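Trainee: Structure below; questions to follow.
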Amino acid sequence: MGTDAAWKFDSSSHTGWAVAQLRQFGWDGTSPLLGIAPINPFWWPVRPSLTKWVKAKLTGDHSLQFQLWYFFSWSKQREHQFEKYLDAIARSVNKFAAKHSCHVVILGMERLDADACNKLNARLTKPASVFMSSEHDGYEMAAVLRQLSILITSRYHAQVLSMEAGVASVAISMDERLDNIMQEMGLSQYQLLHADDTELTSALQSALEYILSYQEQIKDKIGSQLVSYQKTLEEMGDFLTSSLLSYES
């Protein structure tokens with residue numbers, strides 16, 4: 001059994017920067033911060049295609065090119081599913097943010113999330129504060145995540161990095177790692193959703209209201225599980241060190 005080195009990622013040196021940036025975006029310093037880390041869940045898997053590679057070279061259209069001759073999966077049906085996913089998040093966030101006076105923050109955890117972030121932001125009643133990994137390093141992104149009150153995420157590492165601050169989250173998953181972490185924390189019943197859920201809007205609204213009612217209990221569960229993950233990480237380090245020493249001797 002292993003775990004992720006991000007459990008011990010320290011962004012404390014950038015806390016002041018994160019607060020200042022959020023205030024610059026219009027946050028008043030007291031309103032709840034509602035974060036969203038969206039993706040395009042429906043253009044996976046990527047597959048190699050020399051035909052598509054040649055076509056991209058000839059036409060100059062690289063919009064579906066992941067890298068080299070690997071291309072995202074895409075179709076009208078997948079596009080429709082993606083639009084429904086974005087619509088569901090936007091409707092839920094617009095309603096929740098208005099009801100609870102939240103300041104909304106969008107986080108693009110990877111460069112390829114830019115399209116999802118921009119399309120989601122365009123659907124929001126009030127434009128969000130946007131932080132993209134193409135413009136900010138890991139310390140800055142983690143520091144912003146750790147200022148949040150609640151996180152909606154389809155990115156595993158947004159979940160991982162936010163846990164240091166006990167941020168309660170809703171996972172909209174297409175990633176087994178997100179499923180596992182929510183189950184291990186005992187939070188999957190109300191806080192684990194999936195990108196292709198047919199009733200995603202109502203399920204997300206219910207999950208957000210649930211978090212608001214049980215935020216302290218959820219924070220305790222996150223803290224307890226975080227200790228366990230960090231201990232496993234330390235054991236991995238000890239195992240690696242002893243293995244290398246044995247090999248050298």
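Order determines the names: the first chain of the structure tokens is A, the second B, and so forth; residues in each chain are numbered 1 upward, and ligands are numbered 1 upward as they are shown.
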Do you know which residues are at most 6 Å from range 122-138 of chain A counting only C-alpha atoms, after dropping those on the same chain fewer than 3 positions away, and could you put them as a compact mmCIF listing (two decimals) with N, CA, C and O atoms, in the first residue's frame?

Mentor:
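The file below, result-v2.txt, is the result:
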```txt
# COMPACT_ATOMS: atom_id res chain seq x y z
N PHE A 25 -9.02 40.13 -5.84
CA PHE A 25 -10.13 39.69 -6.69
C PHE A 25 -11.49 40.11 -6.14
O PHE A 25 -12.52 39.81 -6.74
N ALA A 90 -22.62 24.82 -12.54
CA ALA A 90 -22.94 26.25 -12.55
C ALA A 90 -24.27 26.53 -11.87
O ALA A 90 -24.37 27.47 -11.06
N VAL A 104 -16.75 32.96 -5.07
CA VAL A 104 -16.43 31.75 -5.84
C VAL A 104 -15.03 31.83 -6.44
O VAL A 104 -14.64 32.87 -6.98
N VAL A 105 -14.30 30.72 -6.32
CA VAL A 105 -12.94 30.62 -6.84
C VAL A 105 -12.85 29.40 -7.76
O VAL A 105 -13.28 28.31 -7.38
N ILE A 106 -12.33 29.58 -8.96
CA ILE A 106 -12.10 28.48 -9.89
C ILE A 106 -10.61 28.20 -9.96
O ILE A 106 -9.80 29.12 -10.10
N LEU A 107 -10.25 26.90 -9.86
CA LEU A 107 -8.84 26.51 -9.89
C LEU A 107 -8.59 25.53 -11.04
O LEU A 107 -9.18 24.44 -11.08
N GLY A 108 -7.73 25.94 -11.95
CA GLY A 108 -7.32 25.05 -13.05
C GLY A 108 -6.07 24.31 -12.63
O GLY A 108 -4.96 24.85 -12.73
N MET A 109 -6.23 23.08 -12.15
CA MET A 109 -5.11 22.35 -11.57
C MET A 109 -4.09 21.89 -12.61
O MET A 109 -2.93 21.67 -12.29
N GLU A 110 -4.52 21.74 -13.86
CA GLU A 110 -3.61 21.39 -14.95
C GLU A 110 -3.90 22.30 -16.13
O GLU A 110 -5.02 22.82 -16.27
N ARG A 111 -2.92 22.47 -17.00
CA ARG A 111 -3.09 23.34 -18.16
C ARG A 111 -4.29 22.92 -19.02
O ARG A 111 -5.00 23.76 -19.56
N LYS A 119 -15.22 27.86 -19.59
CA LYS A 119 -16.63 27.61 -19.92
C LYS A 119 -17.50 27.62 -18.66
O LYS A 119 -18.64 28.09 -18.69
N MET A 141 -0.94 27.61 -5.80
CA MET A 141 -2.22 26.91 -5.97
C MET A 141 -2.65 26.23 -4.67
O MET A 141 -3.82 26.29 -4.27
N ALA A 142 -1.70 25.59 -3.99
CA ALA A 142 -2.02 24.93 -2.72
C ALA A 142 -2.45 25.93 -1.66
O ALA A 142 -3.38 25.69 -0.88
```

Trainee: I want to know what sits within 8 Å of range 85-87 of chain A, based on only C-alpha atoms, with residues of the same chain fewer than 6 positions away left out; could you give that as a PyMOL selection string?

Mentor: chain A and resi 116+119-120+123+195-196+200

Trainee: Do you know which residues are at most 6 Å from Ile36 in chain A counting only C-alpha atoms, after dropping those on the same chain fewer than 5 positions away, and could you put them as a PyMOL selection string?

Mentor: chain A and resi 106+151-153

Trainee: Closest to Ile218 in chain A among A:Leu33, A:Leu187, A:Met236, A:Leu178, using only C-alpha atoms?

Mentor: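 For Ile218 in chain A, the nearest of the candidates is A:Leu187.
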
Trainee: Would you mind listing, for every residue of range 135-209 of chain A within 10 Å of range 4-19 of chain A, the two atoms forming the shortest contact and the distance between them in Å to one decimal, using only C-alpha atoms, sorted by chain and ascending residue number, as JSON lines?

Mentor:
```
{"residue": "A:Gly138", "atom": "CA", "partner": "A:Ser11", "partner_atom": "CA", "distance": 8.2}
{"residue": "A:Tyr139", "atom": "CA", "partner": "A:Ser11", "partner_atom": "CA", "distance": 4.9}
{"residue": "A:Glu140", "atom": "CA", "partner": "A:His14", "partner_atom": "CA", "distance": 6.1}
{"residue": "A:Met141", "atom": "CA", "partner": "A:Ala18", "partner_atom": "CA", "distance": 8.3}
{"residue": "A:Ala142", "atom": "CA", "partner": "A:Ser11", "partner_atom": "CA", "distance": 6.1}
{"residue": "A:Ala143", "atom": "CA", "partner": "A:Thr15", "partner_atom": "CA", "distance": 5.4}
{"residue": "A:Val144", "atom": "CA", "partner": "A:Ala18", "partner_atom": "CA", "distance": 5.2}
{"residue": "A:Leu145", "atom": "CA", "partner": "A:Ala18", "partner_atom": "CA", "distance": 8.9}
{"residue": "A:Arg146", "atom": "CA", "partner": "A:Thr15", "partner_atom": "CA", "distance": 8.3}
{"residue": "A:Gln147", "atom": "CA", "partner": "A:Val19", "partner_atom": "CA", "distance": 7.5}
{"residue": "A:His157", "atom": "CA", "partner": "A:Ala6", "partner_atom": "CA", "distance": 7.7}
{"residue": "A:Val160", "atom": "CA", "partner": "A:Trp7", "partner_atom": "CA", "distance": 6.5}
{"residue": "A:Leu161", "atom": "CA", "partner": "A:Ala6", "partner_atom": "CA", "distance": 6.6}
{"residue": "A:Ser162", "atom": "CA", "partner": "A:Trp7", "partner_atom": "CA", "distance": 9.5}
{"residue": "A:Met163", "atom": "CA", "partner": "A:Trp7", "partner_atom": "CA", "distance": 8.2}
{"residue": "A:Glu164", "atom": "CA", "partner": "A:Trp7", "partner_atom": "CA", "distance": 7.6}
```

Trainee: Would you pick out the contacts of Leu204 in chain A at 9 Å or less, using only C-alpha atoms, so that residues sharing its chain but fewer than 2 positions from it are not included, and give the list as a list in words?

Mentor: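 Everything that qualifies: Ala88, Ile89, Ser92, Val93, Ile152, Val170, Ile172, Gln191, Leu193, Glu199, Leu200, Thr201, Ser202, Ser206, Ala207, Leu208 and Glu209 of chain A.
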
Trainee: Please return, as a PDB file with N, CA, C and O atoms, in the first residue's frame, all residues of range 159-218 of chain A that DSSP assigns to strand (DSSP E) on the basis of the backbone.

Mentor:
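The resulting result_34.pdb:
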```pdb
ATOM      1  N   ALA A 168     -13.678  20.969   3.611  1.00  0.00           N
ATOM      2  CA  ALA A 168     -14.712  19.993   3.247  1.00  0.00           C
ATOM      3  C   ALA A 168     -14.958  20.057   1.745  1.00  0.00           C
ATOM      4  O   ALA A 168     -15.005  21.148   1.164  1.00  0.00           O
ATOM      5  N   SER A 169     -15.110  18.912   1.119  1.00  0.00           N
ATOM      6  CA  SER A 169     -15.216  18.901  -0.338  1.00  0.00           C
ATOM      7  C   SER A 169     -16.322  17.983  -0.830  1.00  0.00           C
ATOM      8  O   SER A 169     -16.736  17.044  -0.149  1.00  0.00           O
ATOM      9  N   VAL A 170     -16.764  18.288  -2.047  1.00  0.00           N
ATOM     10  CA  VAL A 170     -17.624  17.392  -2.821  1.00  0.00           C
ATOM     11  C   VAL A 170     -16.811  16.931  -4.016  1.00  0.00           C
ATOM     12  O   VAL A 170     -16.289  17.767  -4.771  1.00  0.00           O
ATOM     13  N   ALA A 171     -16.669  15.636  -4.189  1.00  0.00           N
ATOM     14  CA  ALA A 171     -15.957  15.102  -5.348  1.00  0.00           C
ATOM     15  C   ALA A 171     -16.963  14.777  -6.447  1.00  0.00           C
ATOM     16  O   ALA A 171     -17.927  14.051  -6.214  1.00  0.00           O
ATOM     17  N   ILE A 172     -16.734  15.351  -7.628  1.00  0.00           N
ATOM     18  CA  ILE A 172     -17.497  14.952  -8.821  1.00  0.00           C
ATOM     19  C   ILE A 172     -16.526  14.143  -9.654  1.00  0.00           C
ATOM     20  O   ILE A 172     -15.737  14.685 -10.424  1.00  0.00           O
ATOM     21  N   SER A 173     -16.561  12.858  -9.499  1.00  0.00           N
ATOM     22  CA  SER A 173     -15.437  12.011  -9.875  1.00  0.00           C
ATOM     23  C   SER A 173     -15.602  11.276 -11.202  1.00  0.00           C
ATOM     24  O   SER A 173     -16.704  10.902 -11.598  1.00  0.00           O
ATOM     25  N   LEU A 192     -19.637  12.150  -2.395  1.00  0.00           N
ATOM     26  CA  LEU A 192     -19.043  11.554  -3.588  1.00  0.00           C
ATOM     27  C   LEU A 192     -20.105  11.442  -4.684  1.00  0.00           C
ATOM     28  O   LEU A 192     -21.061  10.674  -4.561  1.00  0.00           O
ATOM     29  N   LEU A 193     -19.934  12.240  -5.721  1.00  0.00           N
ATOM     30  CA  LEU A 193     -20.809  12.220  -6.886  1.00  0.00           C
ATOM     31  C   LEU A 193     -19.973  11.820  -8.096  1.00  0.00           C
ATOM     32  O   LEU A 193     -18.755  11.699  -8.002  1.00  0.00           O
ATOM     33  N   HIS A 194     -20.637  11.616  -9.216  1.00  0.00           N
ATOM     34  CA  HIS A 194     -19.897  11.230 -10.422  1.00  0.00           C
ATOM     35  C   HIS A 194     -20.311  12.108 -11.596  1.00  0.00           C
ATOM     36  O   HIS A 194     -21.456  12.585 -11.666  1.00  0.00           O
TER      37      HIS A 194
END
```
